[in-house]
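Pasted below: coords07.txt, compact mmCIF, C-alpha atoms.
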# COMPACT_ATOMS: atom_id res chain seq x y z
CA MET A 1 0.00 0.00 0.00
CA LEU A 2 3.11 2.20 0.04
CA HIS A 3 2.61 3.43 -3.52
CA LEU A 4 -1.16 4.04 -3.57
CA ARG A 5 -0.65 7.81 -3.61
CA LYS A 6 1.57 7.47 -6.69
CA TYR A 7 -0.98 5.20 -8.37
CA ARG A 8 -3.66 7.82 -7.88
CA LYS A 9 -1.32 10.47 -9.23
CA ALA A 10 -0.63 8.38 -12.33
CA LEU A 11 -4.28 7.64 -12.96
CA ALA A 12 -5.13 11.30 -12.57
CA VAL A 13 -3.28 11.90 -15.84
CA SER A 14 -5.91 9.79 -17.58
CA ALA A 15 -8.82 11.31 -15.69
CA ALA A 16 -7.65 14.82 -16.57
CA LEU A 17 -8.50 14.49 -20.26
CA THR A 18 -10.87 17.26 -21.20
CA VAL A 19 -14.59 16.87 -21.48
CA GLY A 20 -14.22 17.95 -25.09
CA LEU A 21 -13.03 14.44 -25.89
CA ALA A 22 -16.60 13.28 -25.50
CA VAL A 23 -17.26 14.74 -28.93
CA LEU A 24 -14.84 12.19 -30.35
CA GLY A 25 -16.93 9.42 -28.84
CA ALA A 26 -19.73 10.30 -31.20
CA CYS A 27 -17.67 9.18 -34.18
CA GLY A 28 -18.97 6.01 -35.76
CA THR A 29 -16.96 3.52 -37.78
CA ASP A 30 -17.39 3.35 -41.51
CA ALA A 31 -15.67 0.50 -43.30
CA VAL A 32 -14.08 1.41 -46.60
CA THR A 33 -15.74 -0.37 -49.55
CA ASN A 34 -13.80 -0.90 -52.77
CA ASP A 35 -15.04 -1.58 -56.29
CA ALA A 36 -15.09 -5.33 -55.67
CA GLY A 37 -17.50 -4.87 -52.78
CA LEU A 38 -14.95 -5.89 -50.16
CA ARG A 39 -15.08 -4.00 -46.88
CA THR A 40 -11.77 -2.89 -45.39
CA VAL A 41 -11.26 -2.10 -41.72
CA THR A 42 -8.11 -1.00 -39.93
CA ILE A 43 -6.46 -2.34 -36.79
CA GLY A 44 -4.38 0.40 -35.23
CA VAL A 45 -1.09 -0.24 -33.46
CA ASP A 46 0.39 2.09 -30.87
CA ALA A 47 3.98 1.36 -29.82
CA PRO A 48 7.39 3.01 -29.44
CA LEU A 49 8.97 2.87 -32.91
CA THR A 50 11.84 5.22 -32.12
CA GLY A 51 14.01 5.51 -29.03
CA PRO A 52 15.48 2.83 -26.72
CA LEU A 53 12.33 0.66 -26.73
CA ALA A 54 11.92 0.74 -30.51
CA GLU A 55 12.93 -2.89 -31.03
CA SER A 56 10.11 -4.09 -28.78
CA GLY A 57 7.69 -1.72 -30.50
CA LYS A 58 8.64 -2.87 -33.99
CA GLY A 59 8.22 -6.49 -32.90
CA ILE A 60 4.68 -5.62 -31.82
CA VAL A 61 3.86 -3.94 -35.14
CA ASN A 62 5.31 -6.81 -37.18
CA SER A 63 3.35 -9.37 -35.19
CA VAL A 64 0.08 -7.52 -35.78
CA GLN A 65 0.96 -7.32 -39.46
CA LEU A 66 1.46 -11.09 -39.51
CA ALA A 67 -1.94 -11.65 -37.88
CA VAL A 68 -3.61 -9.36 -40.41
CA GLN A 69 -1.89 -11.07 -43.34
CA GLN A 70 -2.96 -14.51 -42.17
CA ALA A 71 -6.53 -13.38 -41.44
CA ASN A 72 -6.80 -11.98 -44.96
CA GLU A 73 -5.21 -15.03 -46.60
CA LYS A 74 -7.55 -17.39 -44.75
CA GLN A 75 -10.58 -15.09 -45.19
CA VAL A 76 -11.31 -15.49 -41.49
CA VAL A 77 -14.04 -12.87 -41.79
CA PRO A 78 -15.72 -13.41 -45.19
CA GLY A 79 -16.00 -10.16 -47.15
CA VAL A 80 -13.82 -8.19 -44.74
CA THR A 81 -10.22 -7.21 -45.39
CA PHE A 82 -7.99 -6.02 -42.57
CA LYS A 83 -5.11 -3.57 -42.74
CA ILE A 84 -2.97 -1.94 -40.06
CA LYS A 85 -2.08 1.62 -39.14
CA SER A 86 0.86 2.04 -36.76
CA LEU A 87 1.70 5.17 -34.77
CA ASP A 88 4.86 5.89 -32.79
CA ASP A 89 4.28 6.86 -29.15
CA ARG A 90 8.04 7.03 -28.37
CA ALA A 91 7.19 5.42 -25.01
CA MET A 92 5.87 8.86 -24.00
CA ALA A 93 2.51 9.35 -22.28
CA ASP A 94 1.66 12.58 -24.10
CA ARG A 95 2.31 10.95 -27.47
CA GLY A 96 -0.03 8.12 -26.54
CA LYS A 97 -2.78 10.65 -25.86
CA VAL A 98 -2.24 12.28 -29.26
CA ASN A 99 -2.20 8.90 -31.01
CA ALA A 100 -5.44 7.84 -29.31
CA ARG A 101 -7.14 10.91 -30.73
CA ARG A 102 -5.74 10.21 -34.18
CA PHE A 103 -7.09 6.65 -34.11
CA VAL A 104 -10.50 7.88 -33.00
CA ARG A 105 -10.65 10.37 -35.87
CA GLN A 106 -9.78 7.70 -38.47
CA SER A 107 -13.24 6.26 -38.93
CA ASP A 108 -12.20 2.89 -40.38
CA VAL A 109 -10.15 1.96 -37.28
CA ILE A 110 -12.09 -0.86 -35.64
CA GLY A 111 -9.71 -1.59 -32.74
CA VAL A 112 -6.17 -0.83 -31.55
CA VAL A 113 -3.33 -3.04 -30.33
CA GLY A 114 -1.01 -1.46 -27.77
CA PRO A 115 0.57 0.27 -26.08
CA LEU A 116 3.81 -1.22 -24.74
CA ASN A 117 4.06 0.98 -21.65
CA SER A 118 1.52 1.18 -18.85
CA ARG A 119 2.21 4.91 -18.43
CA VAL A 120 1.14 5.41 -22.04
CA ALA A 121 -2.02 3.33 -21.60
CA LEU A 122 -3.10 5.57 -18.72
CA THR A 123 -3.38 8.50 -21.13
CA MET A 124 -5.14 6.54 -23.90
CA GLN A 125 -7.89 4.68 -22.06
CA GLN A 126 -10.44 7.46 -21.59
CA THR A 127 -10.19 8.71 -25.18
CA MET A 128 -10.69 5.19 -26.52
CA GLU A 129 -13.56 4.52 -24.13
CA GLN A 130 -15.46 7.63 -25.16
CA ALA A 131 -15.24 6.51 -28.79
CA ASP A 132 -16.19 2.87 -28.01
CA LEU A 133 -12.83 1.94 -29.56
CA THR A 134 -11.31 -1.30 -28.30
CA LEU A 135 -7.74 -1.14 -26.96
CA VAL A 136 -5.93 -4.46 -26.41
CA SER A 137 -2.45 -4.35 -24.91
CA PRO A 138 0.11 -7.11 -25.43
CA ALA A 139 2.42 -5.73 -22.74
CA ASN A 140 0.80 -3.54 -20.02
CA THR A 141 1.11 -5.18 -16.61
CA ASN A 142 0.10 -2.43 -14.17
CA PRO A 143 -3.00 -3.76 -12.34
CA ALA A 144 -4.61 -0.33 -11.94
CA LEU A 145 -5.40 -0.22 -15.66
CA THR A 146 -8.12 -2.82 -15.19
CA LEU A 147 -8.70 -2.99 -11.43
CA GLY A 148 -8.75 0.71 -10.60
CA PRO A 149 -6.48 2.87 -8.39
CA ASP A 150 -7.41 1.17 -5.11
CA TRP A 151 -6.77 -2.41 -6.22
CA LEU A 152 -3.84 -2.92 -3.83
CA SER A 153 -6.11 -2.29 -0.84
CA GLY A 154 -8.61 -4.85 -2.12
CA ARG A 155 -11.12 -2.44 -3.67
CA THR A 156 -11.38 -3.27 -7.35
CA ALA A 157 -13.47 -1.53 -10.00
CA ARG A 158 -12.92 -1.69 -13.75
CA PRO A 159 -12.27 1.86 -15.01
CA TYR A 160 -12.80 1.31 -18.76
CA LYS A 161 -14.81 -1.44 -20.42
CA SER A 162 -13.10 -1.03 -23.81
CA TYR A 163 -9.62 -1.85 -22.48
CA PHE A 164 -8.27 -5.43 -22.51
CA ARG A 165 -4.87 -7.13 -22.32
CA THR A 166 -3.45 -10.50 -23.28
CA VAL A 167 -0.70 -10.56 -20.63
CA THR A 168 -0.99 -11.26 -16.94
CA THR A 169 -0.38 -8.38 -14.54
CA ASP A 170 1.96 -7.35 -11.76
CA ALA A 171 -0.70 -8.42 -9.30
CA SER A 172 0.66 -11.87 -10.15
CA GLN A 173 4.14 -11.10 -11.48
CA GLY A 174 5.44 -9.21 -8.43
CA PRO A 175 4.37 -11.83 -5.86
CA PHE A 176 5.50 -14.65 -8.18
CA ALA A 177 8.98 -13.12 -8.31
CA ALA A 178 9.02 -12.57 -4.55
CA GLN A 179 8.13 -16.18 -3.84
CA PHE A 180 10.83 -17.44 -6.18
CA VAL A 181 13.56 -15.24 -4.71
CA TYR A 182 12.56 -15.99 -1.12
CA LYS A 183 11.88 -19.72 -1.42
CA GLU A 184 14.11 -20.89 -4.26
CA LEU A 185 17.07 -18.51 -3.97
CA ASP A 186 16.84 -18.23 -0.16
CA LYS A 187 17.38 -14.48 -0.15
CA ARG A 188 16.03 -12.33 2.68
CA ARG A 189 17.14 -8.70 2.14
CA VAL A 190 16.14 -6.57 -0.84
CA PHE A 191 16.89 -3.04 -2.01
CA LEU A 192 13.77 -1.79 -3.83
CA ILE A 193 14.06 0.58 -6.78
CA ASP A 194 11.19 1.89 -8.92
CA ASP A 195 11.10 4.36 -11.82
CA ASP A 196 8.11 6.30 -10.44
CA GLU A 197 6.02 5.17 -13.43
CA ALA A 198 2.92 2.99 -13.54
CA TYR A 199 4.70 -0.24 -14.50
CA GLY A 200 7.66 0.10 -12.15
CA LEU A 201 5.53 1.18 -9.21
CA GLY A 202 3.19 -1.77 -9.65
CA LEU A 203 5.97 -4.33 -9.85
CA ALA A 204 7.85 -2.92 -6.85
CA ALA A 205 4.73 -2.58 -4.69
CA THR A 206 3.44 -6.10 -5.30
CA PHE A 207 6.90 -7.61 -4.87
CA GLU A 208 7.41 -5.79 -1.57
CA ALA A 209 4.03 -6.81 -0.19
CA GLU A 210 4.63 -10.51 -0.83
CA PHE A 211 8.33 -10.51 0.08
CA THR A 212 7.72 -8.91 3.48
CA ARG A 213 4.71 -11.15 4.08
CA LEU A 214 6.99 -14.14 3.64
CA GLY A 215 9.46 -12.70 6.16
CA GLY A 216 11.84 -10.76 3.93
CA THR A 217 13.34 -7.40 4.87
CA VAL A 218 13.64 -4.19 2.88
CA ALA A 219 17.22 -2.94 3.28
CA GLY A 220 16.52 0.29 1.42
CA LYS A 221 14.44 1.83 -1.32
CA SER A 222 14.68 4.57 -3.90
CA SER A 223 12.86 6.03 -6.90
CA ILE A 224 14.62 6.99 -10.12
CA SER A 225 13.47 8.73 -13.30
CA VAL A 226 13.12 7.30 -16.79
CA GLY A 227 16.16 8.39 -18.79
CA ASP A 228 18.55 8.55 -15.83
CA ARG A 229 22.03 7.22 -16.61
CA ASP A 230 24.23 8.09 -13.63
CA PHE A 231 23.42 5.94 -10.61
CA ALA A 232 26.76 6.30 -8.78
CA ALA A 233 25.26 7.61 -5.53
CA LEU A 234 22.44 5.08 -5.59
CA ALA A 235 24.87 2.26 -6.37
CA ALA A 236 26.92 3.17 -3.31
CA ARG A 237 23.78 3.13 -1.15
CA VAL A 238 22.85 -0.31 -2.46
CA ALA A 239 26.36 -1.71 -1.95
CA ASN A 240 26.44 -0.47 1.65
CA SER A 241 22.89 -1.51 2.54
CA GLY A 242 23.50 -5.19 3.20
CA ALA A 243 20.92 -6.13 0.56
CA GLU A 244 21.26 -9.57 -1.04
CA PHE A 245 19.67 -8.41 -4.29
CA VAL A 246 18.06 -5.43 -6.01
CA LEU A 247 14.46 -5.41 -7.19
CA CYS A 248 14.35 -3.00 -10.12
CA GLY A 249 10.87 -1.88 -11.12
CA GLY A 250 11.45 -0.23 -14.46
CA ASP A 251 12.51 -0.67 -18.07
CA TYR A 252 15.74 -2.29 -19.22
CA PRO A 253 17.83 0.86 -19.94
CA GLU A 254 17.76 2.03 -16.32
CA CYS A 255 17.80 -1.43 -14.69
CA ALA A 256 20.76 -2.56 -16.81
CA ARG A 257 22.77 0.53 -15.88
CA ILE A 258 21.91 0.03 -12.22
CA SER A 259 23.18 -3.56 -12.46
CA ARG A 260 26.46 -2.46 -14.02
CA GLN A 261 27.07 0.45 -11.65
CA VAL A 262 26.12 -1.41 -8.44
CA LYS A 263 28.60 -4.17 -9.26
CA ALA A 264 31.26 -1.66 -10.25
CA VAL A 265 31.33 -0.32 -6.67
CA GLY A 266 31.51 -3.75 -5.08
CA GLY A 267 27.85 -4.63 -4.72
CA HIS A 268 28.12 -8.09 -6.21
CA ILE A 269 24.45 -8.91 -5.93
CA PRO A 270 21.92 -9.76 -8.66
CA VAL A 271 19.31 -7.41 -10.06
CA VAL A 272 15.80 -8.87 -10.28
CA GLY A 273 13.38 -7.26 -12.72
CA GLY A 274 10.15 -7.89 -14.59
CA ASP A 275 9.29 -8.55 -18.22
CA ALA A 276 10.61 -5.12 -19.24
CA ILE A 277 14.21 -6.29 -18.73
CA TYR A 278 13.71 -9.67 -20.40
CA VAL A 279 15.23 -8.52 -23.68
CA PRO A 280 18.60 -9.39 -25.29
CA VAL A 281 19.69 -5.76 -25.28
CA TYR A 282 19.68 -5.80 -21.47
CA MET A 283 22.96 -7.69 -21.54
CA LYS A 284 24.43 -5.26 -24.07
CA VAL A 285 23.76 -2.35 -21.72
CA ALA A 286 24.73 -4.10 -18.48
CA GLY A 287 27.78 -5.84 -19.96
CA ASN A 288 29.35 -8.80 -18.19
CA GLU A 289 27.80 -7.57 -14.93
CA ALA A 290 24.43 -8.86 -16.15
CA GLU A 291 25.56 -12.42 -15.37
CA GLY A 292 23.27 -13.87 -12.69
CA ASP A 293 20.59 -11.19 -13.02
CA ILE A 294 17.01 -12.45 -13.01
CA ALA A 295 13.84 -11.51 -14.87
CA THR A 296 10.29 -12.69 -14.55
CA SER A 297 8.24 -12.53 -17.72
CA VAL A 298 4.73 -13.26 -18.88
CA GLY A 299 3.79 -16.64 -20.29
CA ALA A 300 5.72 -19.85 -20.82
CA PRO A 301 8.95 -20.18 -22.84
CA VAL A 302 8.46 -20.36 -26.60
CA GLU A 303 10.16 -23.75 -26.84
CA ILE A 304 7.45 -25.49 -24.79
CA ILE A 305 4.43 -23.95 -26.60
CA HIS A 306 3.74 -25.60 -29.96
CA SER A 307 1.70 -22.67 -31.26
CA ALA A 308 4.47 -20.25 -30.29
CA ARG A 309 7.02 -22.27 -32.27
CA ALA A 310 4.75 -22.09 -35.32
CA PHE A 311 4.44 -18.33 -34.81
CA VAL A 312 8.21 -17.89 -34.72
CA THR A 313 8.56 -19.92 -37.92
CA ASN A 314 5.87 -17.90 -39.71
CA TYR A 315 7.43 -14.67 -38.47
CA LYS A 316 10.77 -15.64 -40.00
CA ILE A 317 9.12 -16.68 -43.26
CA ALA A 318 7.45 -13.25 -43.42
CA GLY A 319 10.93 -11.73 -43.54
CA PHE A 320 10.64 -9.11 -40.80
CA SER A 321 14.03 -7.57 -39.97
CA THR A 322 13.25 -7.00 -36.28
CA PRO A 323 12.63 -10.03 -33.99
CA PRO A 324 9.18 -10.41 -32.37
CA GLY A 325 10.66 -9.99 -28.90
CA THR A 326 8.96 -10.67 -25.60
CA TYR A 327 5.61 -9.25 -26.67
CA GLY A 328 5.35 -10.39 -30.30
CA GLY A 329 3.19 -13.42 -29.58
CA TYR A 330 0.94 -11.36 -27.31
CA ALA A 331 0.63 -8.68 -30.01
CA TYR A 332 -0.40 -11.35 -32.52
CA ASP A 333 -3.00 -12.67 -30.07
CA SER A 334 -4.21 -9.13 -29.29
CA ALA A 335 -4.81 -8.49 -32.99
CA TRP A 336 -6.45 -11.87 -33.39
CA ALA A 337 -8.78 -11.13 -30.48
CA ILE A 338 -9.99 -8.04 -32.36
CA ILE A 339 -10.34 -10.10 -35.55
CA GLU A 340 -12.39 -12.73 -33.69
CA ALA A 341 -14.62 -10.00 -32.25
CA VAL A 342 -15.19 -8.58 -35.75
CA LYS A 343 -15.95 -12.08 -36.99
CA GLY A 344 -18.61 -12.52 -34.32
CA VAL A 345 -20.14 -9.10 -34.97
CA VAL A 346 -20.36 -9.76 -38.72
CA ALA A 347 -21.93 -13.18 -38.14
CA ASP A 348 -24.51 -11.68 -35.79
CA SER A 349 -25.35 -8.84 -38.21
CA GLY A 350 -26.36 -10.79 -41.30
CA SER A 351 -22.82 -11.11 -42.70
CA LYS A 352 -22.19 -7.38 -42.65
CA LEU A 353 -20.61 -4.78 -40.43
CA PRO A 354 -23.21 -2.84 -38.44
CA THR A 355 -23.27 0.95 -38.54
CA HIS A 356 -21.77 1.36 -35.09
CA SER A 357 -19.07 -1.27 -35.53
CA ARG A 358 -16.74 0.03 -32.82
CA ALA A 359 -19.32 -0.30 -30.07
CA ALA A 360 -20.32 -3.75 -31.36
CA VAL A 361 -16.72 -4.98 -31.39
CA SER A 362 -16.06 -3.63 -27.90
CA ALA A 363 -19.20 -5.37 -26.63
CA ALA A 364 -18.13 -8.64 -28.30
CA MET A 365 -14.64 -8.69 -26.79
CA PRO A 366 -15.56 -10.22 -23.39
CA GLY A 367 -16.91 -13.30 -25.21
CA VAL A 368 -13.81 -13.84 -27.35
CA THR A 369 -12.02 -17.12 -26.73
CA PHE A 370 -9.56 -19.00 -28.91
CA SER A 371 -6.35 -21.00 -28.85
CA GLY A 372 -3.65 -18.41 -29.43
CA VAL A 373 0.08 -18.23 -30.00
CA THR A 374 0.67 -17.74 -26.27
CA GLY A 375 -1.89 -20.32 -25.15
CA PRO A 376 -5.64 -20.11 -24.50
CA VAL A 377 -6.89 -16.54 -24.91
CA SER A 378 -9.92 -15.16 -23.09
CA PHE A 379 -10.71 -12.30 -20.72
CA ASP A 380 -12.12 -12.06 -17.22
CA GLN A 381 -14.67 -9.54 -15.94
CA TYR A 382 -11.99 -6.86 -15.72
CA GLY A 383 -10.64 -7.35 -19.23
CA ASP A 384 -7.56 -9.16 -17.93
CA ALA A 385 -6.10 -12.27 -19.52
CA THR A 386 -7.27 -15.48 -17.89
CA ASP A 387 -3.92 -17.17 -18.66
CA LYS A 388 -1.68 -16.34 -15.66
CA GLN A 389 1.49 -18.29 -16.51
CA LEU A 390 4.82 -16.69 -15.68
CA THR A 391 8.46 -17.69 -16.17
CA VAL A 392 11.70 -16.89 -14.34
CA TYR A 393 14.85 -16.36 -16.43
CA VAL A 394 18.51 -15.88 -15.46
CA VAL A 395 21.45 -14.48 -17.41
CA ARG A 396 23.93 -17.28 -18.11
CA ASP A 397 26.91 -16.84 -20.40
CA GLY A 398 25.43 -13.62 -21.72
CA LYS A 399 22.01 -15.08 -22.60
CA TRP A 400 18.65 -15.47 -20.89
CA ALA A 401 18.12 -19.06 -19.69
CA THR A 402 14.89 -20.50 -18.28
CA LEU A 403 14.81 -21.28 -14.57
CA SER A 404 11.17 -21.98 -13.73
CA THR A 405 7.65 -21.68 -15.11
CA GLY A 406 4.51 -21.59 -13.03
CA ILE A 407 1.50 -19.67 -11.75
CA TYR A 408 1.41 -17.39 -8.71
CA VAL A 409 -0.49 -19.06 -5.88
CA ASN A 410 -1.68 -16.76 -3.11
Please express what this file holds, its structure, as structure tokens.
Amino acid sequence: MLHLRKYRKALAVSAALTVGLAVLGACGTDAVTNDAGLRTVTIGVDAPLTGPLAESGKGIVNSVQLAVQQANEKQVVPGVTFKIKSLDDRAMADRGKVNARRFVRQSDVIGVVGPLNSRVALTMQQTMEQADLTLVSPANTNPALTLGPDWLSGRTARPYKSYFRTVTTDASQGPFAAQFVYKELDKRRVFLIDDDEAYGLGLAATFEAEFTRLGGTVAGKSSISVGDRDFAALAARVANSGAEFVLCGGDYPECARISRQVKAVGGHIPVVGGDAIYVPVYMKVAGNEAEGDIATSVGAPVEIIHSARAFVTNYKIAGFSTPPGTYGGYAYDSAWAIIEAVKGVVADSGSKLPTHSRAAVSAAMPGVTFSGVTGPVSFDQYGDATDKQLTVYVVRDGKWATLSTGIYVN
């Protein structure tokens, strides 16, 4: 409950969108009809396509493109052709707000996949909701996005009915990581670091709650800012704190630099992070000091999911230059969830798209269920993924290696 004030502050960014946005909600969705009588609808994609998180963002866009290509080739929705429109949010909240408005104004956009960052989602949700435009994230893990600002105290209320996600949240990931570190690694003292953003705060808060419940001790804590590079003073504090490991709630650029700088001053302890550090570039930034660092990430390893292996093969065949990354499979499933919702709406409307297609698709989303790339895909009453699998990885010989896969049990 330590970070509830910060959660409310973060959510206030979303709530502060002007009443004028309500006008955007009046926009309907008009499919584009070509000379052959085919109807074309657009699936938007919001992700960082420039900056340090661009590789993850491009993997998301490519994966949505693959889903759209396959849906069109297989004529999954007879008479309907899908295309994509991607916008760069630069991992910045204000850009996400602008992009949400742009998607709303483009009348053929039937649903949107994204964003990558929870802080960006906070600024997009209300705009999308007022336009009945479905937003499905393949990467957001902050619980407040679906459970409301008071979720950590046990009071849950879904803020926006048009928002969904295909990944499990930090309500599971943080405690899952805490249990693994406490029970499997036998560590008892942690230094907690968060980046004062929605994702990092959620991960740190849920980890702390479970770790201390189990009997662990917090040796120190600190907040950093996204974009920080010099952690010399913080590294010294960590090294002198007696902590046995660092929990870093944030993205890979900051966590990797913390790992390198803590070890450079003699703090030879591992950094533990969430899915945001489970990327190959983490080791490039942290260098050899990344060895032994740990990440928890959503889902099961690709090598044990048959559908995921097929996805990776098809992705390579498609010839994309950027790898799908951690969230590629979830982006594919997010796009496919929208496609399945459109399929259901068309079937229920006499094989045609109804006039208010956006509202119909949003209403159909809770009933979507299918076998996806990442496993069974469906949504609970909050719009959260029902698949709660998580995996622990460790850096060995400069690469991420699987340690354990399971489900958080309270």
**Q.** Nearest to Asp108 of chain A by atom-to-atom distance, counting only C-alpha atoms, from A:Asn140, A:Leu87, A:Lys284, A:Thr355
**A.**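 Of all the options, A:Thr355 lies closest to Asp108 of chain A.
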Q. Rounded to one decimal in Å, what is the spacing between atom CA of Leu133 of chain A and atom CA of Phe164 of chain A?
A.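 Separating atom CA of Leu133 of chain A from atom CA of Phe164 of chain A is a distance of 11.2 Å.
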Q) Any idea what's packed within 8 Å of Gly215 of chain A, counting only C-alpha atoms, ignoring anything in its chain fewer than 3 positions away? Could you give it as a ChimeraX atom specification? A) /A:188,211-212
Those residues with C-alpha atoms, as a PDB file, keeping the file's coordinate frame please?
ATOM      1  CA  ARG A 188      16.030 -12.330   2.680  1.00  0.00           C
ATOM      2  CA  PHE A 211       8.330 -10.510   0.080  1.00  0.00           C
ATOM      3  CA  THR A 212       7.720  -8.910   3.480  1.00  0.00           C
TER       4      THR A 212
END
Can you check which parts of segment 337-371 of chain A lie within 12 Å of segment 386-395 of chain A? Per residue, the shortest pair of atoms and distance in Å to one decimal, counting all atoms listed in the file, sorted by chain and number, as a tab-separated table.
residue	atom	partner	partner_atom	distance
A:Pro366	CA	A:Thr386	CA	11.3
A:Val368	CA	A:Thr386	CA	11.6
A:Thr369	CA	A:Thr386	CA	10.2
A:Phe370	CA	A:Thr386	CA	11.8
A:Ser371	CA	A:Asp387	CA	11.2
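Nearest to Lys316 of chain A of all the residues A:Gly59, A:Gly287, A:Gly200, A:Pro52 is A:Gly59, counting all atoms listed in the file.
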**Q.** Residue nearest Ile338 of chain A - candidates A:Thr134, A:Ser259, A:Ser241, A:Ser86, atoms counted: all atoms listed in the file
**A.**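 Going through A:Thr134, A:Ser259, A:Ser241, A:Ser86 one by one, the smallest distance to Ile338 of chain A is for A:Thr134.
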Q: Considering all atoms listed in the file, state which residue in the set A:Gly329, A:Gly227, A:Gly274, A:Gly267 is at the smallest distance from Ala177 of chain A.
A: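 Nearest candidate to Ala177 of chain A out of A:Gly329, A:Gly227, A:Gly274, A:Gly267: A:Gly274.
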My structure is short of atoms at segment 289-294 of chain A; please model all heavy atoms there, returning them as a PDB file, in the frame of the given file.
ATOM      1  N   GLU A 289      28.414  -7.628 -16.267  1.00  0.00           N
ATOM      2  CA  GLU A 289      27.800  -7.570 -14.930  1.00  0.00           C
ATOM      3  C   GLU A 289      26.375  -8.090 -14.919  1.00  0.00           C
ATOM      4  O   GLU A 289      25.784  -8.286 -13.859  1.00  0.00           O
ATOM      5  CB  GLU A 289      27.837  -6.119 -14.426  1.00  0.00           C
ATOM      6  CG  GLU A 289      29.209  -5.624 -14.002  1.00  0.00           C
ATOM      7  CD  GLU A 289      30.084  -5.265 -15.200  1.00  0.00           C
ATOM      8  OE1 GLU A 289      29.566  -5.255 -16.334  1.00  0.00           O
ATOM      9  OE2 GLU A 289      31.287  -5.006 -14.991  1.00  0.00           O
ATOM     10  N   ALA A 290      25.794  -8.319 -16.092  1.00  0.00           N
ATOM     11  CA  ALA A 290      24.430  -8.860 -16.150  1.00  0.00           C
ATOM     12  C   ALA A 290      24.384 -10.319 -15.701  1.00  0.00           C
ATOM     13  O   ALA A 290      23.312 -10.820 -15.344  1.00  0.00           O
ATOM     14  CB  ALA A 290      23.890  -8.761 -17.575  1.00  0.00           C
ATOM     15  N   GLU A 291      25.527 -11.001 -15.720  1.00  0.00           N
ATOM     16  CA  GLU A 291      25.560 -12.420 -15.370  1.00  0.00           C
ATOM     17  C   GLU A 291      24.940 -12.655 -13.989  1.00  0.00           C
ATOM     18  O   GLU A 291      25.307 -12.028 -12.999  1.00  0.00           O
ATOM     19  CB  GLU A 291      26.998 -12.924 -15.369  1.00  0.00           C
ATOM     20  CG  GLU A 291      27.144 -14.424 -15.477  1.00  0.00           C
ATOM     21  CD  GLU A 291      26.799 -14.972 -16.852  1.00  0.00           C
ATOM     22  OE1 GLU A 291      26.636 -14.168 -17.802  1.00  0.00           O
ATOM     23  OE2 GLU A 291      26.696 -16.203 -16.972  1.00  0.00           O
ATOM     24  N   GLY A 292      23.950 -13.558 -13.943  1.00  0.00           N
ATOM     25  CA  GLY A 292      23.270 -13.870 -12.690  1.00  0.00           C
ATOM     26  C   GLY A 292      22.044 -13.035 -12.416  1.00  0.00           C
ATOM     27  O   GLY A 292      21.287 -13.333 -11.477  1.00  0.00           O
ATOM     28  N   ASP A 293      21.806 -11.988 -13.202  1.00  0.00           N
ATOM     29  CA  ASP A 293      20.590 -11.190 -13.020  1.00  0.00           C
ATOM     30  C   ASP A 293      19.365 -12.008 -13.420  1.00  0.00           C
ATOM     31  O   ASP A 293      19.454 -12.938 -14.231  1.00  0.00           O
ATOM     32  CB  ASP A 293      20.655  -9.906 -13.836  1.00  0.00           C
ATOM     33  CG  ASP A 293      21.600  -8.874 -13.233  1.00  0.00           C
ATOM     34  OD1 ASP A 293      22.128  -9.126 -12.131  1.00  0.00           O
ATOM     35  OD2 ASP A 293      21.822  -7.826 -13.873  1.00  0.00           O
ATOM     36  N   ILE A 294      18.222 -11.639 -12.859  1.00  0.00           N
ATOM     37  CA  ILE A 294      17.010 -12.450 -13.010  1.00  0.00           C
ATOM     38  C   ILE A 294      15.859 -11.582 -13.520  1.00  0.00           C
ATOM     39  O   ILE A 294      15.717 -10.418 -13.135  1.00  0.00           O
ATOM     40  CB  ILE A 294      16.634 -13.102 -11.664  1.00  0.00           C
ATOM     41  CG1 ILE A 294      17.649 -14.199 -11.324  1.00  0.00           C
ATOM     42  CG2 ILE A 294      15.220 -13.661 -11.676  1.00  0.00           C
ATOM     43  CD1 ILE A 294      17.505 -14.750  -9.937  1.00  0.00           C
TER      44      ILE A 294
END
